[in-house]
file final-v7.cif (mmCIF, C-alpha atoms)
data_my_file
#
loop_
_atom_site.label_atom_id
_atom_site.label_comp_id
_atom_site.auth_asym_id
_atom_site.auth_seq_id
_atom_site.Cartn_x
_atom_site.Cartn_y
_atom_site.Cartn_z
CA MET A 1 13.91 6.17 -21.15
CA ASP A 2 14.28 6.78 -17.43
CA ASN A 3 13.84 4.29 -14.61
CA ALA A 4 11.42 4.80 -11.75
CA ASP A 5 12.93 5.31 -8.32
CA PRO A 6 12.31 2.50 -5.84
CA PRO A 7 9.82 3.24 -3.05
CA PHE A 8 11.03 4.01 0.44
CA ALA A 9 11.39 1.12 2.85
CA PRO A 10 8.05 0.49 4.56
CA ALA A 11 7.29 1.85 8.01
CA PRO A 12 4.16 1.76 10.18
CA PRO A 13 1.92 4.81 10.41
CA THR A 14 1.78 6.68 13.69
CA HIS A 15 -1.97 6.13 13.88
CA PRO A 16 -2.94 2.47 13.30
CA LEU A 17 -5.48 1.75 10.61
CA PRO A 18 -8.65 -0.17 11.52
CA LYS A 19 -8.60 -3.94 11.43
CA GLY A 20 -9.32 -5.30 7.96
CA ALA A 21 -8.16 -2.13 6.17
CA TRP A 22 -7.75 -1.96 2.41
CA ASP A 23 -5.06 -0.24 0.43
CA ALA A 24 -7.35 0.33 -2.54
CA HIS A 25 -4.75 1.61 -4.98
CA VAL A 26 -1.43 -0.12 -5.54
CA HIS A 27 0.40 -1.17 -8.69
CA MET A 28 2.31 -4.39 -9.27
CA LEU A 29 5.54 -4.49 -11.22
CA GLY A 30 7.52 -7.41 -12.56
CA GLY A 31 10.77 -8.48 -14.12
CA PRO A 32 11.78 -10.19 -17.35
CA GLN A 33 8.89 -12.66 -17.16
CA HIS A 34 6.41 -9.80 -17.59
CA PRO A 35 7.24 -7.84 -20.76
CA LEU A 36 6.73 -4.08 -20.66
CA SER A 37 4.72 -2.19 -23.26
CA PRO A 38 6.84 -0.74 -26.07
CA ASN A 39 4.81 2.47 -25.59
CA ARG A 40 5.59 2.85 -21.88
CA ALA A 41 6.71 6.20 -20.48
CA GLN A 42 9.10 4.73 -17.92
CA ASN A 43 10.84 1.56 -16.77
CA PRO A 44 10.32 0.12 -13.30
CA ALA A 45 13.14 0.53 -10.80
CA PRO A 46 15.83 -1.91 -11.99
CA GLY A 47 17.18 -4.95 -10.24
CA HIS A 48 13.89 -6.51 -9.14
CA ASP A 49 11.90 -9.42 -10.52
CA PHE A 50 8.26 -10.32 -9.94
CA ASP A 51 8.95 -12.20 -6.71
CA ASP A 52 10.92 -9.23 -5.37
CA TRP A 53 8.07 -6.83 -6.08
CA LEU A 54 5.58 -9.26 -4.57
CA ALA A 55 7.64 -9.45 -1.38
CA MET A 56 7.94 -5.65 -1.29
CA LEU A 57 4.18 -5.30 -1.70
CA ARG A 58 3.56 -7.71 1.16
CA ASP A 59 6.00 -5.78 3.35
CA HIS A 60 4.34 -2.49 2.41
CA LEU A 61 0.89 -3.77 3.36
CA ALA A 62 2.09 -5.40 6.58
CA ALA A 63 3.76 -2.16 7.69
CA LEU A 64 0.60 -0.15 6.99
CA GLY A 65 -1.57 -2.74 8.71
CA CYS A 66 -3.64 -3.48 5.59
CA ALA A 67 -5.23 -6.91 5.22
CA HIS A 68 -6.41 -6.32 1.65
CA ALA A 69 -5.27 -4.54 -1.49
CA LEU A 70 -6.66 -3.59 -4.87
CA ILE A 71 -3.97 -4.01 -7.52
CA VAL A 72 -4.53 -1.52 -10.33
CA HIS A 73 -2.90 -2.57 -13.58
CA SER A 74 -0.12 -0.23 -14.66
CA ILE A 75 -0.09 1.28 -18.13
CA LEU A 76 3.62 0.36 -18.21
CA TYR A 77 2.43 -3.12 -19.27
CA GLY A 78 -0.21 -2.02 -21.77
CA THR A 79 -3.10 -4.44 -22.19
CA ASP A 80 -1.09 -7.47 -21.04
CA ASN A 81 -2.71 -7.91 -17.64
CA ALA A 82 -0.54 -10.88 -16.63
CA VAL A 83 1.56 -9.06 -14.02
CA THR A 84 -1.58 -7.89 -12.22
CA CYS A 85 -3.48 -11.17 -12.51
CA ASP A 86 -0.42 -13.17 -11.44
CA ALA A 87 -0.08 -10.99 -8.34
CA VAL A 88 -3.74 -11.37 -7.42
CA ALA A 89 -3.44 -15.15 -7.82
CA ALA A 90 -0.30 -15.28 -5.68
CA LEU A 91 -1.76 -13.12 -2.91
CA GLY A 92 -5.10 -14.90 -2.58
CA ALA A 93 -8.75 -14.17 -1.98
CA ASP A 94 -8.18 -11.03 0.09
CA PHE A 95 -6.82 -9.26 -2.99
CA LYS A 96 -8.51 -8.04 -6.16
CA GLY A 97 -7.37 -6.51 -9.42
CA VAL A 98 -8.25 -3.80 -11.90
CA GLY A 99 -7.37 -4.64 -15.49
CA LEU A 100 -6.91 -2.75 -18.72
CA LEU A 101 -8.93 -3.58 -21.83
CA PRO A 102 -9.09 -1.73 -25.15
CA ASP A 103 -12.12 -0.38 -26.93
CA GLY A 104 -14.15 -3.19 -28.42
CA ALA A 105 -13.03 -5.85 -25.94
CA ASP A 106 -15.39 -8.80 -26.21
CA LEU A 107 -17.16 -11.06 -23.75
CA ALA A 108 -14.23 -13.48 -23.59
CA ALA A 109 -11.82 -10.71 -22.56
CA VAL A 110 -14.13 -9.44 -19.81
CA ARG A 111 -14.76 -12.99 -18.62
CA THR A 112 -11.01 -13.67 -18.46
CA LEU A 113 -10.46 -10.69 -16.18
CA SER A 114 -13.43 -11.59 -14.01
CA ARG A 115 -12.19 -15.15 -13.55
CA ALA A 116 -8.80 -13.74 -12.54
CA ASN A 117 -10.48 -11.87 -9.64
CA CYS A 118 -10.38 -8.49 -11.34
CA VAL A 119 -13.32 -6.36 -10.25
CA ALA A 120 -12.96 -3.46 -12.69
CA VAL A 121 -11.35 -2.07 -15.81
CA ARG A 122 -9.46 1.20 -15.81
CA LEU A 123 -9.84 4.23 -18.05
CA ASN A 124 -6.95 6.74 -17.96
CA TYR A 125 -7.66 10.26 -19.18
CA VAL A 126 -4.45 11.65 -17.66
CA HIS A 127 -1.74 9.49 -19.21
CA GLY A 128 -3.75 8.20 -22.17
CA GLY A 129 -4.40 4.59 -22.99
CA VAL A 130 -6.38 2.18 -25.09
CA LEU A 131 -9.84 2.58 -23.57
CA THR A 132 -11.90 5.66 -24.39
CA TRP A 133 -14.99 6.92 -22.59
CA ASP A 134 -17.17 5.75 -25.47
CA GLY A 135 -15.47 2.37 -25.30
CA ALA A 136 -16.05 2.16 -21.57
CA LYS A 137 -19.73 3.01 -21.98
CA ALA A 138 -20.09 0.32 -24.64
CA MET A 139 -18.34 -2.20 -22.39
CA ALA A 140 -20.38 -1.31 -19.30
CA PRO A 141 -23.24 -3.83 -19.88
CA LEU A 142 -20.69 -6.67 -20.16
CA LEU A 143 -19.02 -5.46 -16.97
CA ALA A 144 -22.38 -5.32 -15.22
CA ASP A 145 -23.10 -8.91 -16.20
CA HIS A 146 -19.88 -9.93 -14.43
CA GLY A 147 -20.30 -7.79 -11.32
CA MET A 148 -17.48 -5.50 -12.44
CA HIS A 149 -17.18 -1.72 -12.63
CA ILE A 150 -15.08 1.10 -14.12
CA GLN A 151 -12.22 2.94 -12.45
CA MET A 152 -11.14 6.22 -14.01
CA LEU A 153 -8.25 8.65 -13.75
CA LEU A 154 -9.10 12.16 -14.93
CA HIS A 155 -8.61 15.84 -14.22
CA ALA A 156 -12.02 16.72 -12.80
CA ASP A 157 -11.91 20.34 -13.87
CA LYS A 158 -11.23 19.30 -17.46
CA HIS A 159 -13.65 16.40 -17.84
CA VAL A 160 -16.27 15.83 -15.16
CA ALA A 161 -18.82 18.42 -16.33
CA GLU A 162 -19.02 16.96 -19.82
CA LEU A 163 -19.22 13.40 -18.47
CA ALA A 164 -21.70 13.94 -15.63
CA SER A 165 -24.85 12.99 -17.56
CA ASP A 166 -23.22 9.84 -18.90
CA ILE A 167 -21.96 8.94 -15.44
CA ARG A 168 -25.47 9.16 -14.02
CA ALA A 169 -26.68 6.75 -16.72
CA LEU A 170 -23.98 4.09 -16.30
CA PRO A 171 -25.23 0.59 -15.40
CA VAL A 172 -22.11 -0.02 -13.29
CA PRO A 173 -20.36 1.84 -10.47
CA LEU A 174 -17.66 4.37 -11.40
CA VAL A 175 -14.66 4.88 -9.13
CA ILE A 176 -12.65 8.06 -9.69
CA ASP A 177 -9.01 7.97 -8.64
CA HIS A 178 -6.78 10.47 -6.84
CA CYS A 179 -9.43 12.87 -5.50
CA GLY A 180 -10.46 13.63 -9.07
CA TRP A 181 -6.96 15.10 -9.66
CA PRO A 182 -8.09 18.71 -10.19
CA THR A 183 -5.42 20.98 -11.64
CA THR A 184 -6.11 23.51 -8.89
CA LEU A 185 -6.91 22.73 -5.25
CA LYS A 186 -9.63 25.31 -4.73
CA PRO A 187 -12.45 23.22 -3.22
CA ASP A 188 -15.25 25.58 -4.28
CA ARG A 189 -14.85 25.25 -8.05
CA ALA A 190 -17.71 24.10 -10.26
CA ALA A 191 -15.95 20.81 -11.04
CA ILE A 192 -15.75 19.96 -7.35
CA ASP A 193 -19.41 20.90 -6.98
CA THR A 194 -20.19 18.36 -9.69
CA LEU A 195 -17.97 15.68 -8.12
CA CYS A 196 -19.68 16.21 -4.77
CA ALA A 197 -23.12 16.06 -6.37
CA LEU A 198 -22.25 12.76 -8.06
CA LEU A 199 -20.94 11.45 -4.74
CA SER A 200 -23.96 12.54 -2.74
CA GLU A 201 -26.30 11.03 -5.35
CA GLY A 202 -24.39 7.72 -5.12
CA HIS A 203 -23.29 7.72 -8.77
CA ILE A 204 -19.55 7.56 -8.08
CA HIS A 205 -17.00 6.44 -5.53
CA ILE A 206 -13.82 8.44 -5.09
CA LYS A 207 -10.37 7.43 -3.92
CA LEU A 208 -8.71 9.78 -1.46
CA SER A 209 -5.40 8.70 -2.94
CA ALA A 210 -2.18 10.30 -4.17
CA PRO A 211 -2.46 13.80 -2.66
CA TYR A 212 1.28 14.08 -3.31
CA ARG A 213 0.55 14.18 -7.05
CA LEU A 214 -1.66 17.25 -6.57
CA THR A 215 0.83 19.34 -4.55
CA ARG A 216 4.20 19.12 -2.82
CA ASP A 217 2.49 19.98 0.50
CA ILE A 218 -0.20 17.37 1.03
CA THR A 219 -1.83 19.39 3.81
CA GLN A 220 -3.01 21.72 1.04
CA THR A 221 -5.35 18.95 -0.14
CA GLU A 222 -7.24 18.83 3.17
CA PRO A 223 -10.08 21.23 2.19
CA LEU A 224 -10.67 19.28 -1.03
CA MET A 225 -10.52 15.88 0.67
CA ARG A 226 -12.81 17.00 3.50
CA ARG A 227 -15.34 18.32 1.01
CA LEU A 228 -15.37 14.98 -0.80
CA ILE A 229 -15.74 13.05 2.45
CA ASP A 230 -18.52 15.32 3.66
CA ALA A 231 -20.39 14.82 0.38
CA ASN A 232 -20.70 11.08 1.06
CA PRO A 233 -18.32 9.22 3.40
CA ASP A 234 -19.93 5.94 2.34
CA ARG A 235 -18.56 6.42 -1.19
CA CYS A 236 -14.94 7.21 -0.32
CA LEU A 237 -11.95 4.86 -0.49
CA TRP A 238 -8.25 5.24 0.27
CA GLY A 239 -5.13 4.00 -1.47
CA SER A 240 -1.42 4.63 -1.13
CA ASP A 241 -0.60 4.56 -4.87
CA TRP A 242 2.44 2.39 -4.03
CA PRO A 243 5.12 2.06 -5.48
CA HIS A 244 4.61 5.61 -6.75
CA ILE A 245 5.65 5.23 -10.38
CA MET A 246 5.53 7.89 -13.12
CA LEU A 247 6.04 10.67 -10.59
CA GLY A 248 6.64 13.48 -13.07
CA LYS A 249 7.27 16.55 -10.93
CA ALA A 250 5.88 14.95 -7.77
CA LYS A 251 8.14 13.95 -4.89
CA MET A 252 8.41 10.33 -3.74
CA PRO A 253 6.13 10.00 -0.69
CA ARG A 254 6.25 7.74 2.32
CA ALA A 255 3.18 5.53 2.48
CA ALA A 256 2.93 5.83 6.27
CA THR A 257 2.79 9.63 5.94
CA LEU A 258 -0.09 9.30 3.47
CA ALA A 259 -1.97 7.01 5.87
CA ASP A 260 -1.39 9.42 8.76
CA HIS A 261 -2.64 12.27 6.58
CA LEU A 262 -5.94 10.46 6.14
CA SER A 263 -6.14 9.80 9.88
CA ALA A 264 -5.48 13.47 10.62
CA ILE A 265 -8.48 14.69 8.63
CA THR A 266 -11.02 11.96 9.47
CA ARG A 267 -12.86 10.64 12.50
CA PRO A 268 -12.71 6.96 13.53
CA HIS A 269 -16.14 6.09 12.17
CA GLU A 270 -15.22 7.68 8.82
CA ARG A 271 -11.98 5.70 8.62
CA GLN A 272 -13.95 2.51 9.29
CA LYS A 273 -16.12 3.29 6.28
CA ILE A 274 -13.31 4.49 3.99
CA LEU A 275 -10.80 1.76 4.79
CA VAL A 276 -12.99 -1.26 5.57
CA ASP A 277 -16.73 -1.13 5.01
CA THR A 278 -16.92 0.55 1.61
CA PRO A 279 -14.11 -1.41 -0.09
CA ASN A 280 -15.51 -4.65 1.34
CA ARG A 281 -18.89 -3.82 -0.17
CA LEU A 282 -17.48 -2.73 -3.53
CA PHE A 283 -14.78 -5.37 -4.03
CA LEU A 284 -15.92 -8.44 -2.12
CA THR A 285 -19.69 -8.57 -2.69
#
call {"tool": "encode", "arguments": {"input": "final-v7.cif", "output": "structure tokens"}}
result
Amino acid sequence: MDNADPPFAPAPPTHPLPKGAWDAHVHMLGGPQHPLSPNRAQNPAPGHDFDDWLAMLRDHLAALGCAHALIVHSILYGTDNAVTCDAVAALGADFKGVGLLPDGADLAAVRTLSRANCVAVRLNYVHGGVLTWDGAKAMAPLLADHGMHIQMLLHADKHVAELASDIRALPVPLVIDHCGWPTTLKPDRAAIDTLCALLSEGHIHIKLSAPYRLTRDITQTEPLMRRLIDANPDRCLWGSDWPHIMLGKAKMPRAATLADHLSAITRPHERQKILVDTPNRLFLT
């Protein structure tokens, strides 16, 4: 089993982010005190324990100029959410988590995540996992009772058409990661039409995150990202995807470059919404 590469040393973006900005998609890693899943696809970069990763996360956020972060539980740890919940507890009230629960999780499991300042559970259609769409739908009323929502990783052109009716009926918000991760970047495909319709209707939020996973040249994602923003800038979020694990064929990015890419394709009032207003509304209220 291979080890992940460590992220690049943090550096500030050329264009400062607005005050109170969120990095709405990071992962937390640990050391021996946080056992990895036996079914993991990769090991974290070696030589670091939980405190090291926590310090690196703080440095990453400080360099970007982010006051808040959403820590999305990594599938490397399976359904043991301790590494994520421990990080949220250590970082304080300005930080929230997204946990992983299996199909059939009960009230006690949802309540435990909620009390640990997790605001959502994650469903992963790209790398697989323990929560299915049917399981997420069944869990949604419990999540709603706790002010939580669902975050989902999918390939939009493979899944969003078949899920659209269900999405419109969900009793909780749905956040879709990584620009919907279409397998082709053509912004005029039917799947993107559906994503934009769901955005404009207010049924989903979308993270303008991880363009480097979609293509080696992130400028090629600009038409897609602009179409998503134009559909509903009040429903867009941004995240760096730090520390960029499970890269596959993607190239390790620099977080500052990703932040500058967002700045290059947005206007100041849009960045205020994407980086501050919308995540505050979704994660803090």
call {"tool": "resolve_selection", "arguments": {"input": "final-v7.cif", "expression": "the PyMOL selection byres ((chain A and resi 241-247) around 7)", "output": "MDAnalysis selection string"}}
result
chainID A and resid 4 7 25:27 42 209:210 239:240 248:252
call {"tool": "residues_near_point", "arguments": {"input": "final-v7.cif", "point": "(11.5, 3.4, -21.2)", "cutoff": "9 Å", "atoms": "all atoms listed in the file", "output": "VMD selection string"}}
result
chain A and resid 1 to 3 36 38 to 44 76
call {"tool": "residues_around", "arguments": {"input": "final-v7.cif", "residues": "region 131-140 of chain A", "least_positions_apart": "6", "cutoff": "8 Å", "atoms": "all atoms listed in the file", "output": "NGL selection string"}}
result
:A and (100-105 or 122-124 or 149-150 or 170-172)
call {"tool": "write_last_selection", "arguments": {"input": "final-v7.cif", "atoms": "C-alpha atoms", "output": "PDB file, in the frame of the given file"}}
result
ATOM      1  CA  LEU A 100      -6.910  -2.750 -18.720  1.00  0.00           C
ATOM      2  CA  LEU A 101      -8.930  -3.580 -21.830  1.00  0.00           C
ATOM      3  CA  PRO A 102      -9.090  -1.730 -25.150  1.00  0.00           C
ATOM      4  CA  ASP A 103     -12.120  -0.380 -26.930  1.00  0.00           C
ATOM      5  CA  GLY A 104     -14.150  -3.190 -28.420  1.00  0.00           C
ATOM      6  CA  ALA A 105     -13.030  -5.850 -25.940  1.00  0.00           C
ATOM      7  CA  ARG A 122      -9.460   1.200 -15.810  1.00  0.00           C
ATOM      8  CA  LEU A 123      -9.840   4.230 -18.050  1.00  0.00           C
ATOM      9  CA  ASN A 124      -6.950   6.740 -17.960  1.00  0.00           C
ATOM     10  CA  HIS A 149     -17.180  -1.720 -12.630  1.00  0.00           C
ATOM     11  CA  ILE A 150     -15.080   1.100 -14.120  1.00  0.00           C
ATOM     12  CA  LEU A 170     -23.980   4.090 -16.300  1.00  0.00           C
ATOM     13  CA  PRO A 171     -25.230   0.590 -15.400  1.00  0.00           C
ATOM     14  CA  VAL A 172     -22.110  -0.020 -13.290  1.00  0.00           C
TER      15      VAL A 172
END
call {"tool": "atom_distance", "arguments": {"input": "final-v7.cif", "atom1": "CA of Leu29 (chain A)", "atom2": "CA of Leu64 (chain A)"}}
result
19.4 Å
call {"tool": "resolve_selection", "arguments": {"input": "final-v7.cif", "expression": "the PyMOL selection byres ((chain A and resi 65-70) around 8)", "output": "count of residues only"}}
result
22
call {"tool": "residues_around", "arguments": {"input": "final-v7.cif", "residues": "region 125-130 of chain A", "least_positions_apart": "5", "cutoff": "8 Å", "atoms": "only C-alpha atoms", "output": "compact mmCIF listing (two decimals) with C-alpha atoms, keeping the file's coordinate frame"}}
result
# COMPACT_ATOMS: atom_id res chain seq x y z
CA ILE A 75 -0.09 1.28 -18.13
CA GLY A 78 -0.21 -2.02 -21.77
CA THR A 79 -3.10 -4.44 -22.19
CA LEU A 101 -8.93 -3.58 -21.83
CA PRO A 102 -9.09 -1.73 -25.15
CA ASP A 103 -12.12 -0.38 -26.93
CA MET A 152 -11.14 6.22 -14.01
CA LEU A 153 -8.25 8.65 -13.75
CA LEU A 154 -9.10 12.16 -14.93
CA HIS A 155 -8.61 15.84 -14.22
call {"tool": "residues_near_point", "arguments": {"input": "final-v7.cif", "point": "(-14.3, -1.9, -2.1)", "cutoff": "10 Å", "atoms": "only C-alpha atoms", "output": "PyMOL selection string"}}
result
chain A and resi 22-24+68-70+96+119+175+205+235-238+274-285
call {"tool": "closest_residue", "arguments": {"input": "final-v7.cif", "among": "A:Leu142, A:Ala120, A:Ile265, A:Ala93", "to": "Ala108 (chain A)", "atoms": "only C-alpha atoms"}}
result
A:Leu142
call {"tool": "atom_distance", "arguments": {"input": "final-v7.cif", "atom1": "CA of Trp181 (chain A)", "atom2": "CA of Asp157 (chain A)"}}
result
8.3 Å
call {"tool": "residues_around", "arguments": {"input": "final-v7.cif", "residues": "Leu262 (chain A)", "least_positions_apart": "2", "cutoff": "9 Å", "atoms": "all atoms listed in the file", "output": "ChimeraX atom specification"}}
result
/A:208,222,225,238,257-260,264-266,271
call {"tool": "atom_distance", "arguments": {"input": "final-v7.cif", "atom1": "CA of Arg213 (chain A)", "atom2": "CA of Lys158 (chain A)"}}
result
16.5 Å
call {"tool": "closest_residue", "arguments": {"input": "final-v7.cif", "among": "A:Pro211, A:Gly180, A:Gly92, A:Pro46", "to": "Arg254 (chain A)", "atoms": "all atoms listed in the file"}}
result
A:Pro211
call {"tool": "closest_residue", "arguments": {"input": "final-v7.cif", "among": "A:Gly202, A:Cys85, A:Ala255, A:His261", "to": "Asn232 (chain A)", "atoms": "only C-alpha atoms"}}
result
A:Gly202
call {"tool": "residues_around", "arguments": {"input": "final-v7.cif", "residues": "Lys186 (chain A)", "least_positions_apart": "5", "cutoff": "9 Å", "atoms": "all atoms listed in the file", "output": "PyMOL selection string"}}
result
chain A and resi 192+221+223-224
call {"tool": "resolve_selection", "arguments": {"input": "final-v7.cif", "expression": "the PyMOL selection byres ((chain A and resi 48) around 12)", "output": "PyMOL selection string"}}
result
chain A and resi 4-6+28-34+43-47+49-56
call {"tool": "write_last_selection", "arguments": {"input": "final-v7.cif", "atoms": "C-alpha atoms", "output": "PDB file, in the frame of the given file"}}
result
ATOM      1  CA  ALA A   4      11.420   4.800 -11.750  1.00  0.00           C
ATOM      2  CA  ASP A   5      12.930   5.310  -8.320  1.00  0.00           C
ATOM      3  CA  PRO A   6      12.310   2.500  -5.840  1.00  0.00           C
ATOM      4  CA  MET A  28       2.310  -4.390  -9.270  1.00  0.00           C
ATOM      5  CA  LEU A  29       5.540  -4.490 -11.220  1.00  0.00           C
ATOM      6  CA  GLY A  30       7.520  -7.410 -12.560  1.00  0.00           C
ATOM      7  CA  GLY A  31      10.770  -8.480 -14.120  1.00  0.00           C
ATOM      8  CA  PRO A  32      11.780 -10.190 -17.350  1.00  0.00           C
ATOM      9  CA  GLN A  33       8.890 -12.660 -17.160  1.00  0.00           C
ATOM     10  CA  HIS A  34       6.410  -9.800 -17.590  1.00  0.00           C
ATOM     11  CA  ASN A  43      10.840   1.560 -16.770  1.00  0.00           C
ATOM     12  CA  PRO A  44      10.320   0.120 -13.300  1.00  0.00           C
ATOM     13  CA  ALA A  45      13.140   0.530 -10.800  1.00  0.00           C
ATOM     14  CA  PRO A  46      15.830  -1.910 -11.990  1.00  0.00           C
ATOM     15  CA  GLY A  47      17.180  -4.950 -10.240  1.00  0.00           C
ATOM     16  CA  ASP A  49      11.900  -9.420 -10.520  1.00  0.00           C
ATOM     17  CA  PHE A  50       8.260 -10.320  -9.940  1.00  0.00           C
ATOM     18  CA  ASP A  51       8.950 -12.200  -6.710  1.00  0.00           C
ATOM     19  CA  ASP A  52      10.920  -9.230  -5.370  1.00  0.00           C
ATOM     20  CA  TRP A  53       8.070  -6.830  -6.080  1.00  0.00           C
ATOM     21  CA  LEU A  54       5.580  -9.260  -4.570  1.00  0.00           C
ATOM     22  CA  ALA A  55       7.640  -9.450  -1.380  1.00  0.00           C
ATOM     23  CA  MET A  56       7.940  -5.650  -1.290  1.00  0.00           C
TER      24      MET A  56
END
